[in-house]
>>> print(open('data-v4.tsv').read())   # TSV, C-alpha atoms and all ligand atoms
chain	number	residue	atom	x	y	z
A	1	MET	CA	13.17	-176.53	5.74
A	2	LYS	CA	13.55	-177.85	2.21
A	3	ARG	CA	9.82	-177.59	1.69
A	4	LEU	CA	9.79	-174.02	2.97
A	5	LEU	CA	12.50	-173.04	0.55
A	6	LEU	CA	10.62	-174.66	-2.31
A	7	THR	CA	7.41	-172.83	-1.42
A	8	LEU	CA	9.35	-169.58	-1.25
A	9	LEU	CA	10.86	-170.24	-4.66
A	10	ILE	CA	7.47	-170.99	-6.22
A	11	CYS	CA	6.02	-167.80	-4.71
A	12	LEU	CA	8.92	-165.74	-5.97
A	13	SER	CA	8.68	-167.15	-9.50
A	14	GLY	CA	4.95	-166.37	-9.41
A	15	VAL	CA	5.71	-162.74	-8.52
A	16	SER	CA	8.35	-162.41	-11.23
A	17	THR	CA	6.00	-164.07	-13.72
A	18	PHE	CA	3.39	-161.47	-12.92
A	19	ALA	CA	5.96	-158.68	-13.10
A	20	GLN	CA	6.95	-159.78	-16.61
A	21	GLY	CA	3.38	-159.20	-17.74
A	22	TYR	CA	2.14	-162.77	-17.96
A	23	SER	CA	-1.50	-162.97	-18.84
A	24	ASP	CA	-4.11	-165.39	-17.63
A	25	LYS	CA	-6.34	-164.31	-20.46
A	26	ILE	CA	-5.06	-166.33	-23.41
A	27	THR	CA	-7.43	-165.82	-26.31
A	28	LEU	CA	-7.63	-167.04	-29.90
A	29	VAL	CA	-9.95	-165.67	-32.60
A	30	ILE	CA	-10.26	-166.85	-36.21
A	31	HIS	CA	-12.12	-165.95	-39.38
A	32	GLY	CA	-12.66	-167.91	-42.57
A	33	GLY	CA	-13.91	-165.07	-44.76
A	34	ALA	CA	-16.90	-162.74	-44.97
A	35	GLY	CA	-19.49	-162.10	-47.68
A	36	THR	CA	-22.90	-163.19	-48.93
A	37	ILE	CA	-23.17	-166.07	-46.50
A	38	THR	CA	-26.82	-166.65	-45.60
A	39	ARG	CA	-28.86	-169.55	-44.27
A	40	ALA	CA	-30.73	-169.57	-47.57
A	41	ASN	CA	-27.64	-170.35	-49.62
A	42	MET	CA	-26.11	-172.85	-47.19
A	43	SER	CA	-26.88	-176.57	-47.06
A	44	PRO	CA	-26.79	-178.38	-43.68
A	45	GLU	CA	-23.86	-180.52	-44.91
A	46	ARG	CA	-21.90	-177.49	-45.97
A	47	GLU	CA	-22.54	-175.68	-42.73
A	48	LYS	CA	-21.42	-178.77	-40.79
A	49	ALA	CA	-18.21	-178.98	-42.81
A	50	TYR	CA	-17.42	-175.30	-42.15
A	51	ARG	CA	-18.18	-175.59	-38.44
A	52	GLU	CA	-15.95	-178.64	-38.14
A	53	ALA	CA	-13.07	-176.99	-39.96
A	54	LEU	CA	-13.40	-173.79	-37.91
A	55	ASN	CA	-13.53	-175.85	-34.73
A	56	THR	CA	-10.36	-177.75	-35.64
A	57	ALA	CA	-8.56	-174.49	-36.43
A	58	LEU	CA	-9.67	-172.94	-33.14
A	59	GLU	CA	-8.71	-175.96	-31.05
A	60	THR	CA	-5.35	-176.32	-32.78
A	61	GLY	CA	-4.41	-172.69	-32.21
A	62	TYR	CA	-5.73	-172.58	-28.67
A	63	ASP	CA	-3.87	-175.74	-27.76
A	64	VAL	CA	-0.60	-174.02	-28.69
A	65	LEU	CA	-1.46	-171.12	-26.34
A	66	LYS	CA	-2.48	-173.47	-23.55
A	67	LYS	CA	0.83	-175.29	-23.77
A	68	GLY	CA	2.71	-172.01	-23.38
A	69	GLY	CA	3.34	-171.35	-27.08
A	70	THR	CA	3.60	-167.79	-28.39
A	71	SER	CA	0.79	-165.90	-30.13
A	72	VAL	CA	2.74	-166.13	-33.42
A	73	GLN	CA	3.01	-169.92	-33.09
A	74	ALA	CA	-0.71	-170.18	-32.30
A	75	VAL	CA	-1.68	-168.00	-35.27
A	76	GLU	CA	0.50	-170.11	-37.56
A	77	ALA	CA	-1.00	-173.38	-36.30
A	78	ALA	CA	-4.60	-172.22	-36.65
A	79	ILE	CA	-4.00	-170.77	-40.12
A	80	HIS	CA	-2.29	-173.98	-41.30
A	81	VAL	CA	-5.51	-175.88	-40.64
A	82	MET	CA	-7.50	-173.46	-42.79
A	83	GLU	CA	-4.81	-173.21	-45.50
A	84	ASP	CA	-4.83	-177.01	-45.79
A	85	SER	CA	-8.63	-177.17	-46.03
A	86	PRO	CA	-10.19	-176.76	-49.51
A	87	LEU	CA	-13.15	-174.95	-47.90
A	88	PHE	CA	-11.29	-171.67	-47.52
A	89	ASN	CA	-9.76	-169.24	-49.99
A	90	ALA	CA	-6.21	-169.72	-48.71
A	91	GLY	CA	-3.59	-172.36	-49.50
A	92	LYS	CA	-5.43	-175.39	-50.96
A	93	GLY	CA	-8.77	-174.02	-52.15
A	94	ALA	CA	-7.46	-170.59	-53.15
A	95	VAL	CA	-9.42	-168.75	-55.83
A	96	PHE	CA	-8.19	-168.46	-59.43
A	97	THR	CA	-6.80	-165.46	-61.25
A	98	ASN	CA	-8.13	-164.44	-64.66
A	99	GLU	CA	-5.34	-166.53	-66.19
A	100	GLY	CA	-6.43	-169.62	-64.26
A	101	LYS	CA	-3.61	-169.53	-61.69
A	102	ASN	CA	-3.54	-169.44	-57.90
A	103	GLU	CA	-1.54	-166.51	-56.52
A	104	LEU	CA	-1.38	-166.36	-52.74
A	105	ASP	CA	-0.78	-163.55	-50.24
A	106	ALA	CA	-0.11	-163.76	-46.48
A	107	ALA	CA	1.13	-161.65	-43.57
A	108	ILE	CA	2.03	-161.88	-39.90
A	109	MET	CA	2.65	-159.19	-37.29
A	110	GLU	CA	3.93	-159.49	-33.73
A	111	GLY	CA	2.54	-156.96	-31.25
A	112	LYS	CA	5.46	-156.99	-28.83
A	113	THR	CA	8.23	-156.11	-31.28
A	114	LEU	CA	6.10	-154.59	-34.08
A	115	LYS	CA	8.01	-156.91	-36.39
A	116	ALA	CA	6.12	-158.04	-39.47
A	117	GLY	CA	6.50	-160.30	-42.49
A	118	ALA	CA	4.54	-160.84	-45.69
A	119	VAL	CA	4.59	-162.68	-49.01
A	120	ALA	CA	2.59	-161.69	-52.07
A	121	GLY	CA	1.66	-163.36	-55.34
A	122	VAL	CA	3.30	-166.70	-54.54
A	123	THR	CA	2.35	-169.84	-56.43
A	124	THR	CA	4.36	-172.74	-54.98
A	125	ILE	CA	4.52	-172.25	-51.19
A	126	LYS	CA	2.18	-174.75	-49.51
A	127	ASN	CA	1.63	-172.63	-46.40
A	128	PRO	CA	2.14	-168.95	-47.19
A	129	ILE	CA	1.66	-167.92	-43.53
A	130	SER	CA	4.85	-169.82	-42.65
A	131	ALA	CA	6.69	-168.00	-45.41
A	132	ALA	CA	5.46	-164.68	-43.98
A	133	ILE	CA	6.80	-165.73	-40.56
A	134	ALA	CA	10.14	-166.68	-42.14
A	135	VAL	CA	10.32	-163.24	-43.77
A	136	MET	CA	9.67	-161.66	-40.36
A	137	ASP	CA	12.09	-163.81	-38.39
A	138	GLN	CA	14.82	-164.69	-40.85
A	139	SER	CA	15.22	-161.74	-43.20
A	140	ALA	CA	15.92	-158.05	-43.09
A	141	HIS	CA	12.71	-157.31	-45.01
A	142	VAL	CA	8.99	-157.04	-44.41
A	143	MET	CA	7.49	-158.12	-47.73
A	144	MET	CA	8.69	-160.41	-50.52
A	145	ALA	CA	6.81	-161.07	-53.75
A	146	GLY	CA	6.62	-163.72	-56.47
A	147	LYS	CA	9.68	-165.72	-57.48
A	148	GLY	CA	11.96	-164.12	-54.88
A	149	ALA	CA	9.62	-165.02	-52.05
A	150	GLU	CA	9.41	-168.58	-53.38
A	151	LEU	CA	13.18	-168.92	-53.57
A	152	PHE	CA	13.53	-167.56	-50.03
A	153	ALA	CA	10.90	-169.98	-48.69
A	154	LYS	CA	12.68	-172.89	-50.37
A	155	GLU	CA	16.01	-171.82	-48.89
A	156	LYS	CA	14.42	-171.70	-45.46
A	157	GLY	CA	13.22	-175.28	-45.85
A	158	LEU	CA	9.50	-174.59	-46.22
A	159	GLU	CA	7.34	-177.05	-48.16
A	160	ILE	CA	7.22	-176.24	-51.87
A	161	VAL	CA	4.48	-177.74	-54.04
A	162	ASP	CA	3.59	-177.85	-57.71
A	163	PRO	CA	1.10	-175.03	-58.50
A	164	SER	CA	-1.46	-177.73	-59.36
A	165	TYR	CA	-1.66	-178.57	-55.63
A	166	PHE	CA	-3.87	-175.51	-55.14
A	167	TYR	CA	-6.41	-176.54	-57.77
A	168	THR	CA	-9.96	-177.30	-56.64
A	169	GLU	CA	-12.80	-177.87	-59.06
A	170	ALA	CA	-15.20	-175.67	-57.10
A	171	ARG	CA	-12.89	-172.65	-57.34
A	172	TYR	CA	-12.19	-173.27	-61.02
A	173	LYS	CA	-15.91	-173.37	-61.74
A	174	ALA	CA	-16.27	-170.13	-59.79
A	175	LEU	CA	-13.73	-168.54	-62.13
A	176	GLU	CA	-15.64	-169.78	-65.17
A	177	ARG	CA	-18.88	-168.34	-63.78
A	178	ALA	CA	-17.15	-165.05	-62.97
A	179	LYS	CA	-15.82	-164.80	-66.53
A	180	GLU	CA	-19.25	-165.61	-67.92
A	181	GLN	CA	-20.79	-162.92	-65.72
A	182	GLU	CA	-18.11	-160.46	-66.80
A	183	LYS	CA	-18.78	-161.19	-70.47
A	184	THR	CA	-22.51	-160.72	-70.02
A	185	GLU	CA	-22.02	-157.41	-68.24
A	186	LEU	CA	-19.55	-156.16	-70.82
A	187	ASP	CA	-21.94	-157.13	-73.64
A	188	HIS	CA	-24.66	-155.32	-71.77
A	189	ASN	CA	-22.44	-152.26	-71.34
A	190	GLY	CA	-21.52	-152.38	-74.98
A	191	LYS	CA	-25.09	-152.40	-76.18
A	192	GLU	CA	-26.93	-150.29	-73.68
A	193	GLU	CA	-24.50	-147.76	-72.34
A	194	ASN	CA	-22.08	-147.17	-75.15
A	195	GLY	CA	-24.70	-147.10	-77.85
A	196	ASP	CA	-22.91	-149.97	-79.52
A	197	LYS	CA	-25.74	-151.46	-81.56
A	198	ARG	CA	-23.57	-154.26	-82.84
A	199	GLY	CA	-22.90	-155.31	-79.27
A	200	THR	CA	-19.18	-155.91	-79.61
A	201	GLY	CA	-19.01	-155.92	-75.84
A	202	LYS	CA	-16.21	-153.36	-75.86
A	203	PRO	CA	-16.93	-150.72	-73.29
A	204	ASP	CA	-16.22	-147.09	-73.99
A	205	VAL	CA	-12.56	-146.62	-73.03
A	206	LYS	CA	-13.28	-143.00	-72.19
A	207	LYS	CA	-15.39	-144.30	-69.32
A	208	ALA	CA	-12.50	-146.23	-67.89
A	209	PRO	CA	-9.49	-143.96	-67.99
A	210	ARG	CA	-7.67	-145.60	-65.11
A	211	THR	CA	-7.72	-149.20	-66.22
A	212	GLY	CA	-7.80	-148.80	-69.96
A	213	TYR	CA	-9.98	-151.50	-71.40
A	214	TYR	CA	-12.24	-152.44	-68.50
A	215	PRO	CA	-14.24	-150.20	-66.19
A	216	ALA	CA	-12.56	-150.32	-62.78
A	217	GLU	CA	-15.42	-152.08	-61.00
A	218	ASP	CA	-15.42	-154.87	-63.58
A	219	LEU	CA	-11.79	-155.74	-62.99
A	220	ILE	CA	-12.41	-158.13	-60.15
A	221	PHE	CA	-15.42	-160.32	-59.80
A	222	THR	CA	-16.22	-161.54	-56.37
A	223	GLU	CA	-18.35	-164.47	-57.56
A	224	GLY	CA	-21.38	-164.12	-55.38
A	225	LYS	CA	-19.41	-161.81	-53.08
A	226	LYS	CA	-17.85	-164.47	-50.91
A	227	PHE	CA	-14.48	-163.57	-49.52
A	228	GLY	CA	-12.97	-166.74	-48.11
A	229	THR	CA	-9.69	-165.40	-46.77
A	230	VAL	CA	-8.57	-166.82	-43.43
A	231	GLY	CA	-7.13	-165.03	-40.42
A	232	CYS	CA	-6.24	-165.45	-36.78
A	233	VAL	CA	-5.44	-163.11	-33.90
A	234	ALA	CA	-4.15	-164.28	-30.54
A	235	LEU	CA	-3.11	-163.18	-27.05
A	236	ASP	CA	-0.58	-165.50	-25.41
A	237	LYS	CA	0.24	-166.05	-21.75
A	238	TYR	CA	3.20	-163.69	-22.04
A	239	GLY	CA	0.73	-160.89	-22.77
A	240	ASN	CA	1.79	-160.65	-26.42
A	241	LEU	CA	-0.55	-160.14	-29.36
A	242	ALA	CA	-0.15	-161.39	-32.95
A	243	ALA	CA	-2.20	-161.20	-36.13
A	244	GLY	CA	-1.97	-163.29	-39.31
A	245	THR	CA	-3.92	-163.43	-42.57
A	246	SER	CA	-3.66	-165.75	-45.59
A	247	THR	CA	-5.57	-165.61	-48.87
A	248	GLY	CA	-5.86	-166.49	-52.53
A	249	GLY	CA	-7.17	-162.96	-53.10
A	250	MET	CA	-10.22	-162.43	-55.31
A	251	THR	CA	-11.63	-164.56	-58.12
A	252	ASN	CA	-10.69	-163.33	-61.60
A	253	LYS	CA	-8.05	-160.92	-60.29
A	254	ARG	CA	-5.43	-159.96	-62.85
A	255	TYR	CA	-2.24	-158.07	-63.63
A	256	GLY	CA	-0.48	-159.39	-60.50
A	257	ARG	CA	-3.11	-157.85	-58.25
A	258	ILE	CA	-2.23	-157.91	-54.55
A	259	GLY	CA	-4.94	-157.50	-51.91
A	260	ASP	CA	-5.03	-156.07	-48.39
A	261	ALA	CA	-4.08	-159.28	-46.54
A	262	PRO	CA	-0.27	-158.96	-46.94
A	263	ILE	CA	-0.26	-155.19	-46.52
A	264	ILE	CA	0.67	-154.34	-42.96
A	265	GLY	CA	-1.88	-151.90	-41.56
A	266	ALA	CA	-4.53	-152.71	-44.19
A	267	GLY	CA	-5.50	-156.38	-43.72
A	268	THR	CA	-3.15	-157.31	-40.89
A	269	TYR	CA	-1.82	-155.40	-37.86
A	270	ALA	CA	-0.73	-156.05	-34.25
A	271	ASN	CA	0.53	-153.82	-31.48
A	272	ASN	CA	0.72	-154.82	-27.81
A	273	ALA	CA	-0.26	-151.27	-26.88
A	274	THR	CA	-3.61	-151.63	-28.63
A	275	CYS	CA	-4.83	-154.74	-30.46
A	276	ALA	CA	-4.29	-157.38	-33.14
A	277	VAL	CA	-6.48	-157.29	-36.27
A	278	SER	CA	-7.02	-159.53	-39.31
A	279	ALA	CA	-9.42	-158.54	-42.08
A	280	THR	CA	-11.46	-160.14	-44.85
A	281	GLY	CA	-13.42	-158.44	-47.60
A	282	HIS	CA	-12.98	-156.46	-50.78
A	283	GLY	CA	-9.25	-155.74	-50.43
A	284	GLU	CA	-9.07	-152.56	-52.47
A	285	TYR	CA	-11.37	-150.80	-49.99
A	286	PHE	CA	-9.46	-152.17	-47.01
A	287	ILE	CA	-6.18	-150.89	-48.45
A	288	ARG	CA	-7.57	-147.41	-49.14
A	289	SER	CA	-9.05	-147.19	-45.64
A	290	VAL	CA	-5.96	-148.71	-43.95
A	291	VAL	CA	-8.49	-150.66	-41.89
A	292	ALA	CA	-6.41	-152.68	-39.42
A	293	HIS	CA	-4.13	-149.82	-38.41
A	294	ASP	CA	-7.05	-147.43	-38.27
A	295	ILE	CA	-8.66	-149.55	-35.55
A	296	SER	CA	-5.40	-149.60	-33.61
A	297	ALA	CA	-4.96	-145.83	-34.09
A	298	LEU	CA	-8.43	-145.07	-32.70
A	299	MET	CA	-7.46	-147.00	-29.57
A	300	GLU	CA	-4.02	-145.42	-29.36
A	301	TYR	CA	-4.88	-141.80	-30.04
A	302	LYS	CA	-8.48	-141.57	-28.90
A	303	GLY	CA	-8.45	-144.15	-26.13
A	304	MET	CA	-11.42	-145.97	-27.65
A	305	PRO	CA	-12.19	-149.46	-26.40
A	306	LEU	CA	-11.60	-152.26	-28.93
A	307	SER	CA	-15.19	-152.94	-29.96
A	308	GLU	CA	-15.98	-149.25	-30.41
A	309	ALA	CA	-12.87	-148.72	-32.56
A	310	ALA	CA	-13.55	-151.80	-34.70
A	311	ASN	CA	-17.19	-150.80	-35.21
A	312	GLU	CA	-16.26	-147.25	-36.13
A	313	VAL	CA	-14.05	-148.48	-38.98
A	314	VAL	CA	-15.99	-151.52	-40.24
A	315	MET	CA	-19.59	-150.44	-39.68
A	316	LYS	CA	-19.23	-146.71	-40.42
A	317	LYS	CA	-16.14	-145.73	-42.41
A	318	LEU	CA	-16.07	-148.80	-44.67
A	319	VAL	CA	-19.84	-148.77	-45.18
A	320	GLU	CA	-19.74	-145.09	-46.22
A	321	ARG	CA	-17.00	-145.92	-48.71
A	322	GLY	CA	-18.73	-149.04	-50.05
A	323	GLY	CA	-16.19	-151.53	-48.70
A	324	GLU	CA	-17.72	-154.92	-47.88
A	325	GLY	CA	-16.21	-157.27	-45.31
A	326	GLY	CA	-15.20	-157.58	-41.69
A	327	VAL	CA	-12.41	-158.03	-39.16
A	328	ILE	CA	-11.52	-160.07	-36.11
A	329	ALA	CA	-9.63	-158.34	-33.31
A	330	VAL	CA	-8.35	-158.95	-29.79
A	331	ASP	CA	-6.81	-156.53	-27.30
A	332	ARG	CA	-4.22	-157.15	-24.56
A	333	ASN	CA	-6.98	-157.76	-22.01
A	334	GLY	CA	-8.47	-160.54	-24.06
A	335	ASN	CA	-11.46	-158.52	-25.29
A	336	VAL	CA	-12.70	-159.76	-28.66
A	337	ALA	CA	-14.44	-157.90	-31.52
A	338	MET	CA	-15.68	-159.47	-34.77
A	339	PRO	CA	-17.68	-156.81	-36.67
A	340	PHE	CA	-18.65	-157.28	-40.34
A	341	ASN	CA	-20.88	-155.33	-42.69
A	342	SER	CA	-21.58	-158.22	-45.07
A	343	GLU	CA	-24.32	-160.80	-44.63
A	344	GLY	CA	-22.10	-163.28	-42.88
A	345	MET	CA	-18.58	-164.05	-41.72
A	346	TYR	CA	-17.13	-167.41	-40.70
A	347	ARG	CA	-15.73	-166.66	-37.27
A	348	GLY	CA	-15.03	-168.01	-33.82
A	349	TYR	CA	-13.05	-167.58	-30.62
A	350	ILE	CA	-11.95	-169.37	-27.46
A	351	LYS	CA	-11.14	-167.51	-24.24
A	352	SER	CA	-9.35	-168.69	-21.12
A	353	ASP	CA	-12.56	-168.49	-19.05
A	354	GLY	CA	-13.89	-171.31	-21.22
A	355	LYS	CA	-16.17	-169.11	-23.31
A	356	ARG	CA	-16.18	-170.17	-26.97
A	357	GLU	CA	-18.34	-169.56	-30.01
A	358	ILE	CA	-18.38	-170.46	-33.70
A	359	LEU	CA	-20.64	-168.16	-35.73
A	360	ILE	CA	-21.48	-167.78	-39.41
A	361	TYR	CA	-24.50	-165.55	-39.94
A	362	LYS	CA	-25.50	-162.08	-38.84
A	363	ASP	CA	-28.12	-163.27	-36.36
B	1	LIG	N1	-9.34	-159.44	-48.62
B	1	LIG	C1	-9.00	-160.42	-49.62
B	1	LIG	C2	-8.42	-159.70	-50.81
B	1	LIG	O1	-8.93	-158.68	-51.19
B	1	LIG	C3	-10.16	-161.23	-50.07
B	1	LIG	C4	-10.88	-161.95	-48.99
B	1	LIG	O2	-11.03	-161.43	-47.88
B	1	LIG	O3	-11.33	-163.09	-49.23
B	1	LIG	O4	-7.49	-160.20	-51.38
>>> encode(input="data-v4.tsv", output="structure tokens", more="lines below")
Ligand code: ASP
Amino acid sequence: MKRLLLTLLICLSGVSTFAQGYSDKITLVIHGGAGTITRANMSPEREKAYREALNTALETGYDVLKKGGTSVQAVEAAIHVMEDSPLFNAGKGAVFTNEGKNELDAAIMEGKTLKAGAVAGVTTIKNPISAAIAVMDQSAHVMMAGKGAELFAKEKGLEIVDPSYFYTEARYKALERAKEQEKTELDHNGKEENGDKRGTGKPDVKKAPRTGYYPAEDLIFTEGKKFGTVGCVALDKYGNLAAGTSTGGMTNKRYGRIGDAPIIGAGTYANNATCAVSATGHGEYFIRSVVAHDISALMEYKGMPLSEAANEVVMKKLVERGGEGGVIAVDRNGNVAMPFNSEGMYRGYIKSDGKREILIYKD
């Protein structure tokens, strides 16, 4: 009799579990940046290091989902691994601004509640994705910037570090090369295009009305066009989606420049009705094309399947507008899309049916 009752109880809880929308399709997808990533410019050691780091991030995030954690918790765990690795342009290993500083951006969005949180231009928060989650969960706001965001993170007990924590020699050298490249191009402009025979390197200000001294396209140098931002999207067993992105932005950025990563709808977006998206690439283009929300909107308003919607935005719209980069996305059925229009994108996923991949190049 006791056993019968127990069986009945288990059956009933199974039914109610199903009724609440539990999913057996837990899925985790990550990216570690897109850009000029080719076999020709990758050494076997470097490739191994990236694969290992991506694998650890994937396993860490997926483990959270497997143990019944939420999609937000899984996204945070996976992103922590990449923020703590110097290989990626997020947390430790972030790129340098023109002034030689590291200014970090991050965002999170929860598909069930449409709640979101973001921090921008922070310099002392060890794991900016956790600060974004704190903004979402523990404040009345969506985005906090600079000193205020840092104060808030400290008050919430997050780990605060000296700005020197973010320094890596490789990224500093990248800044030096970017500045060198900028100088060469400005000298070139000065001589050839502005008829400046003395070669002062000062471009014609009339040619750059919006930015003043520099032509707009010279403002940010991508240093070999590698965008190393990290991101994660996940579907948990409760059927809820989440998306998170964390970045140091772009090498040689200036004037407090903020990219697409912390802007909800541009670099990060999640909605249980459609999908969760995290982007990487030349942020200015992703902001102007509202990339992440655009993918969701195509699904919502046009009924497009995930991969078609993601391709439409990344492979058509962005390409037409000259925006280089890619996205990772997952829908509520566990379908995954990872389109990019650059030469490569560090990316990978694990699905509940055991399917998993870690990919870097186009082919
Ligand atoms: N999207 C980032 C930004 O523009 C850069 C990146 O993806 O690495 O800030």
>>> closest_residue(input="data-v4.tsv", among="A:Ala94, A:Ala309, A:Ala174, A:Ile108", to="ligand LIG 1 (chain B)", atoms="only C-alpha atoms and all ligand atoms")
A:Ala94
>>> residues_near_ligand(input="data-v4.tsv", ligand="ligand LIG 1 (chain B)", cutoff="7 Å", atoms="all atoms listed in the file", output="JSON, numbers by chain")
{"A": [33, 34, 89, 226, 227, 228, 229, 247, 248, 249, 250, 258, 259, 260, 261, 267, 279, 280, 281, 282, 283, 284]}
>>> closest_residue(input="data-v4.tsv", among="A:Met345, A:Cys275, A:Leu298, A:Ala90", to="Arg171 (chain A)", atoms="only C-alpha atoms")
A:Ala90
>>> residues_around(input="data-v4.tsv", residues="region 37-40 of chain A", least_positions_apart="2", cutoff="12 Å", atoms="all atoms listed in the file", output="PDB file with C-alpha atoms, keeping the file's coordinate frame")
ATOM      1  CA  GLY A  32     -12.660-167.910 -42.570  1.00  0.00           C
ATOM      2  CA  GLY A  33     -13.910-165.070 -44.760  1.00  0.00           C
ATOM      3  CA  ALA A  34     -16.900-162.740 -44.970  1.00  0.00           C
ATOM      4  CA  GLY A  35     -19.490-162.100 -47.680  1.00  0.00           C
ATOM      5  CA  MET A  42     -26.110-172.850 -47.190  1.00  0.00           C
ATOM      6  CA  SER A  43     -26.880-176.570 -47.060  1.00  0.00           C
ATOM      7  CA  PRO A  44     -26.790-178.380 -43.680  1.00  0.00           C
ATOM      8  CA  ARG A  46     -21.900-177.490 -45.970  1.00  0.00           C
ATOM      9  CA  GLU A  47     -22.540-175.680 -42.730  1.00  0.00           C
ATOM     10  CA  TYR A  50     -17.420-175.300 -42.150  1.00  0.00           C
ATOM     11  CA  GLY A 224     -21.380-164.120 -55.380  1.00  0.00           C
ATOM     12  CA  LYS A 225     -19.410-161.810 -53.080  1.00  0.00           C
ATOM     13  CA  LYS A 226     -17.850-164.470 -50.910  1.00  0.00           C
ATOM     14  CA  PHE A 227     -14.480-163.570 -49.520  1.00  0.00           C
ATOM     15  CA  GLY A 228     -12.970-166.740 -48.110  1.00  0.00           C
ATOM     16  CA  GLY A 325     -16.210-157.270 -45.310  1.00  0.00           C
ATOM     17  CA  PHE A 340     -18.650-157.280 -40.340  1.00  0.00           C
ATOM     18  CA  ASN A 341     -20.880-155.330 -42.690  1.00  0.00           C
ATOM     19  CA  SER A 342     -21.580-158.220 -45.070  1.00  0.00           C
ATOM     20  CA  GLU A 343     -24.320-160.800 -44.630  1.00  0.00           C
ATOM     21  CA  GLY A 344     -22.100-163.280 -42.880  1.00  0.00           C
ATOM     22  CA  MET A 345     -18.580-164.050 -41.720  1.00  0.00           C
ATOM     23  CA  TYR A 346     -17.130-167.410 -40.700  1.00  0.00           C
ATOM     24  CA  ARG A 347     -15.730-166.660 -37.270  1.00  0.00           C
ATOM     25  CA  LEU A 359     -20.640-168.160 -35.730  1.00  0.00           C
ATOM     26  CA  ILE A 360     -21.480-167.780 -39.410  1.00  0.00           C
ATOM     27  CA  TYR A 361     -24.500-165.550 -39.940  1.00  0.00           C
ATOM     28  CA  LYS A 362     -25.500-162.080 -38.840  1.00  0.00           C
ATOM     29  CA  ASP A 363     -28.120-163.270 -36.360  1.00  0.00           C
TER      30      ASP A 363
END
>>> residues_around(input="data-v4.tsv", residues="Arg356 (chain A)", least_positions_apart="2", cutoff="10 Å", atoms="all atoms listed in the file", output="list in words")
Thr27, Leu28, Val29, Asn55, Leu58, Gly348, Tyr349, Ile350, Lys351, Ser352, Asp353, Gly354 and Ile358 of chain A
>>> closest_residue(input="data-v4.tsv", among="A:Ile295, A:Ala276, A:Ile30, A:Leu318", to="Leu54 (chain A)", atoms="all atoms listed in the file")
A:Ile30
>>> atom_distance(input="data-v4.tsv", atom1="CA of Gly111 (chain A)", atom2="CA of Ile26 (chain A)")
14.4 Å
>>> closest_atom_pairs(input="data-v4.tsv", of="region 208-318 of chain A", to="region 124-144 of chain A", cutoff="12 Å", atoms="only C-alpha atoms", output="tab-separated table")
residue	atom	partner	partner_atom	distance
A:Val230	CA	A:Ile129	CA	10.3
A:Gly231	CA	A:Ile129	CA	9.8
A:Cys232	CA	A:Ile129	CA	10.7
A:Ala242	CA	A:Ile133	CA	11.2
A:Ala243	CA	A:Ile129	CA	10.7
A:Gly244	CA	A:Ile129	CA	7.2
A:Thr245	CA	A:Ile129	CA	7.2
A:Ser246	CA	A:Ile129	CA	6.1
A:Thr247	CA	A:Pro128	CA	8.6
A:Gly248	CA	A:Pro128	CA	9.9
A:Ile258	CA	A:Met143	CA	11.9
A:Ala261	CA	A:Ile129	CA	10.8
A:Pro262	CA	A:Met143	CA	7.8
A:Ile263	CA	A:Met143	CA	8.4
A:Ile264	CA	A:Val142	CA	8.9
A:Thr268	CA	A:Ala132	CA	11.7
>>> write_last_selection(input="data-v4.tsv", atoms="C-alpha atoms", output="tab-separated table (two decimals), in the frame of the given file")
chain	number	residue	atom	x	y	z
A	230	VAL	CA	-8.57	-166.82	-43.43
A	231	GLY	CA	-7.13	-165.03	-40.42
A	232	CYS	CA	-6.24	-165.45	-36.78
A	242	ALA	CA	-0.15	-161.39	-32.95
A	243	ALA	CA	-2.20	-161.20	-36.13
A	244	GLY	CA	-1.97	-163.29	-39.31
A	245	THR	CA	-3.92	-163.43	-42.57
A	246	SER	CA	-3.66	-165.75	-45.59
A	247	THR	CA	-5.57	-165.61	-48.87
A	248	GLY	CA	-5.86	-166.49	-52.53
A	258	ILE	CA	-2.23	-157.91	-54.55
A	261	ALA	CA	-4.08	-159.28	-46.54
A	262	PRO	CA	-0.27	-158.96	-46.94
A	263	ILE	CA	-0.26	-155.19	-46.52
A	264	ILE	CA	0.67	-154.34	-42.96
A	268	THR	CA	-3.15	-157.31	-40.89
>>> residues_around(input="data-v4.tsv", residues="Ala273 (chain A)", least_positions_apart="3", cutoff="9 Å", atoms="all atoms listed in the file", output="PyMOL selection string")
chain A and resi 111-112+270+296+299-300+331-332
>>> atom_distance(input="data-v4.tsv", atom1="CA of Val81 (chain A)", atom2="CA of Ile160 (chain A)")
17.0 Å
>>> closest_residue(input="data-v4.tsv", among="A:Leu114, A:Ala170, A:Ala153, A:Val161", to="Phe88 (chain A)", atoms="all atoms listed in the file")
A:Ala170
>>> closest_residue(input="data-v4.tsv", among="A:Lys101, A:His80, A:Arg288, A:Lys25", to="Thr60 (chain A)", atoms="all atoms listed in the file")
A:His80
>>> closest_residue(input="data-v4.tsv", among="A:Ile328, A:Ala292, A:Met109, A:Ala297", to="Gln73 (chain A)", atoms="all atoms listed in the file")
A:Met109
>>> atom_distance(input="data-v4.tsv", atom1="CA of Asn311 (chain A)", atom2="CA of Asn333 (chain A)")
18.1 Å
